[in-house]
Amino acid sequence: MKAAVVVFPGSNCDRDLAVAFRNAGADVEMVWHKDTDLPAGIDMVGVPGGFSFGDYLRCGAIAANSPICKAVKSHAERGGYVFGVCNGFQVLTETGILPGALLRNAGLKYICKTVGLKVETSQSAFTEGYNAGDVVDIPIAHHDGNYFTDDATLSALEADDRIAFRYTFNPNGSLHDIAGILSENRRVLGMMPHPERAADPGHGGTDGQALFRAVVGQLTSA
Amino acid sequence: MKATVHVMLKNGVLDPQGEAVRHALGALGFDGVNGVRQGKVIELDLADGTSEADVTAMCERLLANTVIESYRVEMP
(Lines give C-alpha, C1' and ligand atoms only; values in the text may rest on other atoms or scores of the structure.)
Protein backbone atom coordinates (compact mmCIF):
# COMPACT_ATOMS: atom_id res chain seq x y z
CA MET A 1 0.00 0.00 0.00
CA LYS A 2 1.38 3.36 -1.03
CA ALA A 3 0.62 6.59 0.76
CA ALA A 4 1.62 10.13 -0.12
CA VAL A 5 1.88 12.82 2.53
CA VAL A 6 1.51 16.38 1.27
CA VAL A 7 3.92 19.01 2.61
CA PHE A 8 2.95 22.68 2.58
CA PRO A 9 5.09 25.53 3.88
CA GLY A 10 4.05 25.55 7.54
CA SER A 11 3.03 21.88 7.80
CA ASN A 12 4.39 20.52 11.06
CA CYS A 13 2.75 17.10 11.45
CA ASP A 14 3.78 15.78 8.03
CA ARG A 15 6.59 13.58 9.35
CA ASP A 16 4.49 12.33 12.27
CA LEU A 17 1.78 11.31 9.81
CA ALA A 18 4.34 9.58 7.58
CA VAL A 19 5.76 7.66 10.57
CA ALA A 20 2.28 6.53 11.64
CA PHE A 21 1.53 5.26 8.11
CA ARG A 22 4.95 3.55 7.86
CA ASN A 23 4.61 1.86 11.24
CA ALA A 24 1.28 0.49 10.06
CA GLY A 25 3.01 -1.03 7.02
CA ALA A 26 2.59 1.58 4.28
CA ASP A 27 5.23 2.83 1.84
CA VAL A 28 5.20 6.58 2.17
CA GLU A 29 6.33 9.30 -0.20
CA MET A 30 6.32 12.97 0.69
CA VAL A 31 4.94 15.32 -1.97
CA TRP A 32 5.53 19.05 -2.16
CA HIS A 33 2.68 21.54 -2.53
CA LYS A 34 4.02 22.77 -5.87
CA ASP A 35 3.92 19.29 -7.41
CA THR A 36 1.13 19.03 -9.96
CA ASP A 37 0.74 15.24 -9.83
CA LEU A 38 0.72 12.57 -7.18
CA PRO A 39 3.30 9.78 -7.62
CA ALA A 40 2.00 6.82 -9.63
CA GLY A 41 0.12 4.11 -7.79
CA ILE A 42 -0.85 6.12 -4.71
CA ASP A 43 -3.67 4.54 -2.69
CA MET A 44 -3.92 7.12 0.06
CA VAL A 45 -3.13 10.82 0.41
CA GLY A 46 -2.44 12.19 3.88
CA VAL A 47 -2.99 15.92 4.38
CA PRO A 48 -1.15 16.78 7.58
CA GLY A 49 -1.63 19.17 10.44
CA GLY A 50 0.23 22.39 10.92
CA PHE A 51 -0.18 25.99 9.87
CA SER A 52 0.00 25.88 6.08
CA PHE A 53 0.86 29.33 4.73
CA GLY A 54 0.73 30.72 8.26
CA ASP A 55 -3.07 30.32 8.38
CA TYR A 56 -3.17 33.53 6.31
CA LEU A 57 -6.60 34.60 5.01
CA ARG A 58 -8.33 31.51 6.50
CA CYS A 59 -6.88 28.26 7.81
CA GLY A 60 -6.22 26.02 4.83
CA ALA A 61 -7.47 28.49 2.20
CA ILE A 62 -4.18 29.14 0.43
CA ALA A 63 -3.11 25.49 0.65
CA ALA A 64 -6.44 24.43 -0.87
CA ASN A 65 -5.54 26.40 -4.00
CA SER A 66 -2.03 24.99 -4.35
CA PRO A 67 -1.16 22.85 -7.41
CA ILE A 68 -1.03 19.56 -5.46
CA CYS A 69 -4.54 20.07 -4.14
CA LYS A 70 -5.95 19.88 -7.66
CA ALA A 71 -4.33 16.43 -7.90
CA VAL A 72 -5.65 15.48 -4.45
CA LYS A 73 -9.14 16.54 -5.52
CA SER A 74 -9.01 14.43 -8.68
CA HIS A 75 -7.66 11.51 -6.64
CA ALA A 76 -10.68 11.83 -4.30
CA GLU A 77 -13.06 12.18 -7.26
CA ARG A 78 -11.64 8.96 -8.74
CA GLY A 79 -12.54 7.20 -5.49
CA GLY A 80 -9.06 7.43 -3.92
CA TYR A 81 -8.58 7.55 -0.16
CA VAL A 82 -7.70 10.82 1.57
CA PHE A 83 -7.02 11.45 5.24
CA GLY A 84 -6.88 15.03 6.53
CA VAL A 85 -5.82 15.77 10.09
CA CYS A 86 -6.30 19.14 11.81
CA ASN A 87 -5.04 21.72 9.27
CA GLY A 88 -5.46 18.90 6.75
CA PHE A 89 -9.18 18.73 7.63
CA GLN A 90 -9.39 22.50 7.15
CA VAL A 91 -7.71 22.13 3.74
CA LEU A 92 -10.19 19.40 2.74
CA THR A 93 -13.18 21.60 3.62
CA GLU A 94 -11.62 24.56 1.78
CA THR A 95 -11.17 22.44 -1.37
CA GLY A 96 -14.76 21.25 -1.11
CA ILE A 97 -13.68 17.59 -0.83
CA LEU A 98 -15.51 17.54 2.51
CA PRO A 99 -18.50 19.75 3.37
CA GLY A 100 -18.61 22.52 5.98
CA ALA A 101 -15.96 24.75 7.50
CA LEU A 102 -13.88 25.04 10.67
CA LEU A 103 -14.54 28.24 12.61
CA ARG A 104 -12.55 29.84 15.43
CA ASN A 105 -12.94 27.88 18.69
CA ALA A 106 -15.97 29.18 20.62
CA GLY A 107 -13.75 29.97 23.63
CA LEU A 108 -11.29 31.83 21.36
CA LYS A 109 -8.36 29.92 22.84
CA TYR A 110 -5.89 27.61 21.15
CA ILE A 111 -6.47 24.25 22.84
CA CYS A 112 -3.75 21.62 23.19
CA LYS A 113 -4.78 18.60 25.24
CA THR A 114 -5.86 14.99 25.02
CA VAL A 115 -9.61 14.58 24.67
CA GLY A 116 -12.07 11.70 24.63
CA LEU A 117 -13.53 10.83 21.24
CA LYS A 118 -16.50 8.58 20.73
CA VAL A 119 -16.23 6.41 17.65
CA GLU A 120 -19.58 6.93 15.92
CA THR A 121 -19.23 4.40 13.13
CA SER A 122 -17.02 1.45 12.36
CA GLN A 123 -18.34 1.45 8.78
CA SER A 124 -15.26 2.88 7.05
CA ALA A 125 -11.77 1.68 6.25
CA PHE A 126 -10.48 4.23 8.78
CA THR A 127 -12.67 3.26 11.70
CA GLU A 128 -13.26 -0.46 11.23
CA GLY A 129 -10.54 -1.20 13.80
CA TYR A 130 -12.81 0.27 16.47
CA ASN A 131 -16.31 -0.61 17.62
CA ALA A 132 -18.99 2.04 17.32
CA GLY A 133 -19.37 3.49 20.79
CA ASP A 134 -15.71 3.02 21.77
CA VAL A 135 -14.18 6.03 23.50
CA VAL A 136 -10.57 6.70 22.58
CA ASP A 137 -8.10 9.28 23.90
CA ILE A 138 -6.57 11.41 21.15
CA PRO A 139 -4.80 14.79 21.39
CA ILE A 140 -6.19 17.95 19.88
CA ALA A 141 -4.12 21.06 19.09
CA HIS A 142 -6.06 23.75 17.29
CA HIS A 143 -7.44 27.28 17.34
CA ASP A 144 -10.02 26.78 14.60
CA GLY A 145 -11.71 23.44 15.12
CA ASN A 146 -15.30 24.52 15.56
CA TYR A 147 -17.09 22.52 12.86
CA PHE A 148 -19.89 24.38 11.12
CA THR A 149 -22.18 23.55 8.24
CA ASP A 150 -25.73 24.32 7.13
CA ASP A 151 -28.69 22.43 8.57
CA ALA A 152 -29.32 20.37 5.44
CA THR A 153 -25.71 19.13 5.30
CA LEU A 154 -25.70 18.42 9.02
CA SER A 155 -28.86 16.32 8.72
CA ALA A 156 -27.36 14.45 5.77
CA LEU A 157 -24.14 13.74 7.70
CA GLU A 158 -26.19 12.36 10.59
CA ALA A 159 -28.60 10.38 8.40
CA ASP A 160 -25.84 8.82 6.29
CA ASP A 161 -23.72 7.78 9.29
CA ARG A 162 -20.89 10.04 8.10
CA ILE A 163 -19.86 11.37 11.50
CA ALA A 164 -16.76 9.34 12.32
CA PHE A 165 -15.89 10.79 15.73
CA ARG A 166 -17.59 13.04 18.27
CA TYR A 167 -16.03 14.75 21.28
CA THR A 168 -17.21 13.34 24.59
CA PHE A 169 -16.87 16.90 25.99
CA ASN A 170 -17.11 19.55 23.30
CA PRO A 171 -13.93 21.67 23.54
CA ASN A 172 -14.53 24.13 20.70
CA GLY A 173 -18.22 24.70 20.03
CA SER A 174 -18.34 22.26 17.12
CA LEU A 175 -21.88 21.50 15.86
CA HIS A 176 -23.23 18.22 17.23
CA ASP A 177 -19.83 17.70 18.96
CA ILE A 178 -18.37 16.73 15.58
CA ALA A 179 -14.65 15.90 15.62
CA GLY A 180 -14.37 14.11 12.27
CA ILE A 181 -16.49 13.39 9.20
CA LEU A 182 -16.46 11.03 6.23
CA SER A 183 -17.15 11.76 2.57
CA GLU A 184 -20.20 10.34 0.86
CA ASN A 185 -18.20 7.35 -0.44
CA ARG A 186 -16.60 6.96 3.05
CA ARG A 187 -13.09 7.07 1.56
CA VAL A 188 -12.20 10.55 2.76
CA LEU A 189 -11.87 11.24 6.48
CA GLY A 190 -11.20 14.66 7.94
CA MET A 191 -10.72 15.10 11.68
CA MET A 192 -9.39 17.80 14.00
CA PRO A 193 -7.80 15.45 16.60
CA HIS A 194 -4.37 13.93 15.90
CA PRO A 195 -4.36 10.11 15.89
CA GLU A 196 -0.75 10.20 14.63
CA ARG A 197 0.17 11.71 18.00
CA ALA A 198 -1.27 8.68 19.80
CA ALA A 199 0.27 5.93 17.70
CA ASP A 200 3.37 4.90 19.65
CA PRO A 201 3.86 3.98 23.32
CA GLY A 202 6.33 6.88 23.49
CA HIS A 203 3.46 9.28 22.79
CA GLY A 204 1.82 8.32 26.07
CA GLY A 205 -1.10 6.68 24.28
CA THR A 206 -1.71 4.34 21.36
CA ASP A 207 -5.44 4.76 20.74
CA GLY A 208 -4.74 6.20 17.28
CA GLN A 209 -2.84 3.14 16.09
CA ALA A 210 -5.99 1.18 15.21
CA LEU A 211 -6.96 3.81 12.62
CA PHE A 212 -3.68 3.52 10.71
CA ARG A 213 -3.56 -0.27 10.99
CA ALA A 214 -7.15 -0.58 9.78
CA VAL A 215 -6.83 1.65 6.74
CA VAL A 216 -3.39 0.42 5.71
CA GLY A 217 -4.53 -3.19 6.22
CA GLN A 218 -7.68 -2.62 4.19
CA LEU A 219 -5.79 -1.03 1.27
CA THR A 220 -3.02 -3.63 1.36
CA SER A 221 -5.40 -6.55 1.07
CA ALA A 222 -7.47 -4.78 -1.59
CA MET B 1 -7.40 51.01 -9.73
CA LYS B 2 -8.42 50.00 -6.24
CA ALA B 3 -11.16 47.68 -5.14
CA THR B 4 -12.20 46.95 -1.59
CA VAL B 5 -13.69 43.66 -0.50
CA HIS B 6 -15.54 43.37 2.81
CA VAL B 7 -15.79 39.82 4.17
CA MET B 8 -18.11 39.09 7.08
CA LEU B 9 -19.31 35.92 8.76
CA LYS B 10 -22.85 35.23 7.58
CA ASN B 11 -25.74 36.03 9.86
CA GLY B 12 -26.46 32.97 11.94
CA VAL B 13 -22.80 31.93 12.10
CA LEU B 14 -21.54 32.47 15.64
CA ASP B 15 -18.80 35.12 15.76
CA PRO B 16 -16.93 34.45 19.01
CA GLN B 17 -14.45 37.27 18.33
CA GLY B 18 -17.25 39.79 17.89
CA GLU B 19 -18.80 38.51 21.11
CA ALA B 20 -15.50 38.93 22.97
CA VAL B 21 -15.22 42.51 21.70
CA ARG B 22 -18.80 43.20 22.80
CA HIS B 23 -18.01 41.94 26.32
CA ALA B 24 -14.84 44.03 26.44
CA LEU B 25 -16.77 47.17 25.43
CA GLY B 26 -19.28 46.44 28.19
CA ALA B 27 -16.43 46.03 30.68
CA LEU B 28 -15.13 49.48 29.66
CA GLY B 29 -18.49 50.96 30.56
CA PHE B 30 -19.89 51.39 27.06
CA ASP B 31 -23.49 50.43 27.65
CA GLY B 32 -25.95 49.63 24.94
CA VAL B 33 -23.69 47.71 22.57
CA ASN B 34 -26.15 45.02 21.57
CA GLY B 35 -23.98 43.19 19.11
CA VAL B 36 -20.52 43.23 17.49
CA ARG B 37 -19.58 41.41 14.30
CA GLN B 38 -15.95 41.38 13.20
CA GLY B 39 -14.89 40.92 9.62
CA LYS B 40 -12.07 41.59 7.18
CA VAL B 41 -11.35 44.35 4.71
CA ILE B 42 -9.19 43.38 1.73
CA GLU B 43 -7.82 46.11 -0.53
CA LEU B 44 -6.89 45.10 -4.06
CA ASP B 45 -4.68 47.13 -6.34
CA LEU B 46 -5.86 46.10 -9.79
CA ALA B 47 -4.84 46.61 -13.39
CA ASP B 48 -7.12 49.10 -15.15
CA GLY B 49 -10.01 47.41 -16.84
CA THR B 50 -10.45 44.69 -14.23
CA SER B 51 -14.17 44.12 -14.02
CA GLU B 52 -16.35 43.72 -10.99
CA ALA B 53 -17.10 40.22 -12.27
CA ASP B 54 -13.37 39.42 -11.99
CA VAL B 55 -13.31 40.60 -8.38
CA THR B 56 -16.45 38.61 -7.64
CA ALA B 57 -14.72 35.52 -9.04
CA MET B 58 -11.74 36.23 -6.74
CA CYS B 59 -14.13 36.37 -3.79
CA GLU B 60 -15.87 33.15 -4.74
CA ARG B 61 -12.67 31.21 -5.33
CA LEU B 62 -10.41 32.48 -2.58
CA LEU B 63 -11.15 35.67 -0.66
CA ALA B 64 -14.33 34.43 1.02
CA ASN B 65 -15.46 30.98 2.11
CA THR B 66 -19.10 31.19 1.13
CA VAL B 67 -19.99 28.30 3.44
CA ILE B 68 -19.54 30.69 6.36
CA GLU B 69 -18.84 34.15 4.94
CA SER B 70 -20.57 36.76 2.83
CA TYR B 71 -18.71 39.44 0.89
CA ARG B 72 -19.32 42.85 -0.62
CA VAL B 73 -17.22 44.39 -3.39
CA GLU B 74 -16.67 48.15 -3.63
CA MET B 75 -15.24 49.49 -6.84
CA PRO B 76 -14.83 53.10 -7.95
# chains A, B, ... in the order shown; residues from 1 in each chain; ligands from 1

$ closest_atom_pairs --of "chain B" --to "chain A" --cutoff "8 Å" --atoms "only C-alpha atoms" --output "tab-separated table"
residue	atom	partner	partner_atom	distance
B:Pro16	CA	A:Ala106	CA	5.6
B:Gln17	CA	A:Leu108	CA	7.0
B:Leu62	CA	A:Ala61	CA	6.9
B:Leu63	CA	A:Leu57	CA	7.4
B:Asn65	CA	A:Glu94	CA	7.5
B:Val67	CA	A:Gly100	CA	6.5
B:Ile68	CA	A:Ala101	CA	7.0

$ select_by_dssp --residues "chain B" --states "helix (DSSP H, G or I)" --output "PyMOL selection string"
chain B and resi 16-27+52-63

$ closest_residue --among "A:Ala71, A:Ala76, A:Leu17, A:Ile138" --to "Gly46 of chain A" --atoms "only C-alpha atoms"
A:Leu17

$ select_by_dssp --residues "segment 166-202 of chain A" --states "strand (DSSP E or B)" --output "VMD selection string"
chain A and resid 166 to 167 178 to 182 188 to 191 200

$ write_last_selection --atoms "N, CA and C atoms" --output "CSV table (one decimal), in the first residue's frame"
chain,number,residue,atom,x,y,z
A,166,ARG,N,-17.1,11.9,17.5
A,166,ARG,CA,-17.6,13.0,18.3
A,166,ARG,C,-16.8,13.2,19.6
A,167,TYR,N,-16.7,14.5,20.0
A,167,TYR,CA,-16.0,14.8,21.3
A,167,TYR,C,-17.0,14.3,22.4
A,178,ILE,N,-19.1,17.4,16.7
A,178,ILE,CA,-18.4,16.7,15.6
A,178,ILE,C,-16.9,16.9,15.7
A,179,ALA,N,-16.1,15.8,15.6
A,179,ALA,CA,-14.7,15.9,15.6
A,179,ALA,C,-14.1,15.4,14.3
A,180,GLY,N,-14.9,14.6,13.6
A,180,GLY,CA,-14.4,14.1,12.3
A,180,GLY,C,-15.5,13.6,11.4
A,181,ILE,N,-15.4,13.8,10.1
A,181,ILE,CA,-16.5,13.4,9.2
A,181,ILE,C,-15.9,12.6,8.0
A,182,LEU,N,-16.8,11.8,7.4
A,182,LEU,CA,-16.5,11.0,6.2
A,182,LEU,C,-17.1,11.6,5.0
A,188,VAL,N,-12.9,9.4,2.3
A,188,VAL,CA,-12.2,10.6,2.8
A,188,VAL,C,-12.6,10.8,4.2
A,189,LEU,N,-11.6,10.9,5.1
A,189,LEU,CA,-11.9,11.2,6.5
A,189,LEU,C,-11.1,12.5,6.8
A,190,GLY,N,-11.8,13.5,7.4
A,190,GLY,CA,-11.2,14.7,7.9
A,190,GLY,C,-11.5,14.7,9.4
A,191,MET,N,-10.5,15.0,10.2
A,191,MET,CA,-10.7,15.1,11.7
A,191,MET,C,-9.8,16.1,12.3
A,200,ASP,N,2.1,5.5,19.2
A,200,ASP,CA,3.4,4.9,19.6
A,200,ASP,C,3.4,5.0,21.2

$ residues_around --residues "Val82 of chain A" --least-positions-apart "6" --cutoff "10 Å" --atoms "only C-alpha atoms" --output "number ranges by chain"
A: 3-5, 43-47, 72-73, 75-76, 88, 92, 97, 182-183, 186-190

$ residues_around --residues "Val13 of chain B" --least-positions-apart "2" --cutoff "9 Å" --atoms "only C-alpha atoms" --output "list in words"
Phe148 of chain A; Leu9, Lys10, Asn11, Asp15, Ile68 and Glu69 of chain B

$ closest_residue --among "B:Val36, B:Val21, B:Met1, B:Leu28" --to "Asp48 of chain B" --atoms "only C-alpha atoms"
B:Met1

$ residues_around --residues "Val33 of chain B" --least-positions-apart "5" --cutoff "8 Å" --atoms "only C-alpha atoms" --output "tab-separated table (two decimals) with C-alpha atoms, in the first residue's frame"
chain	number	residue	atom	x	y	z
B	22	ARG	CA	-18.80	43.20	22.80
B	25	LEU	CA	-16.77	47.17	25.43
B	26	GLY	CA	-19.28	46.44	28.19
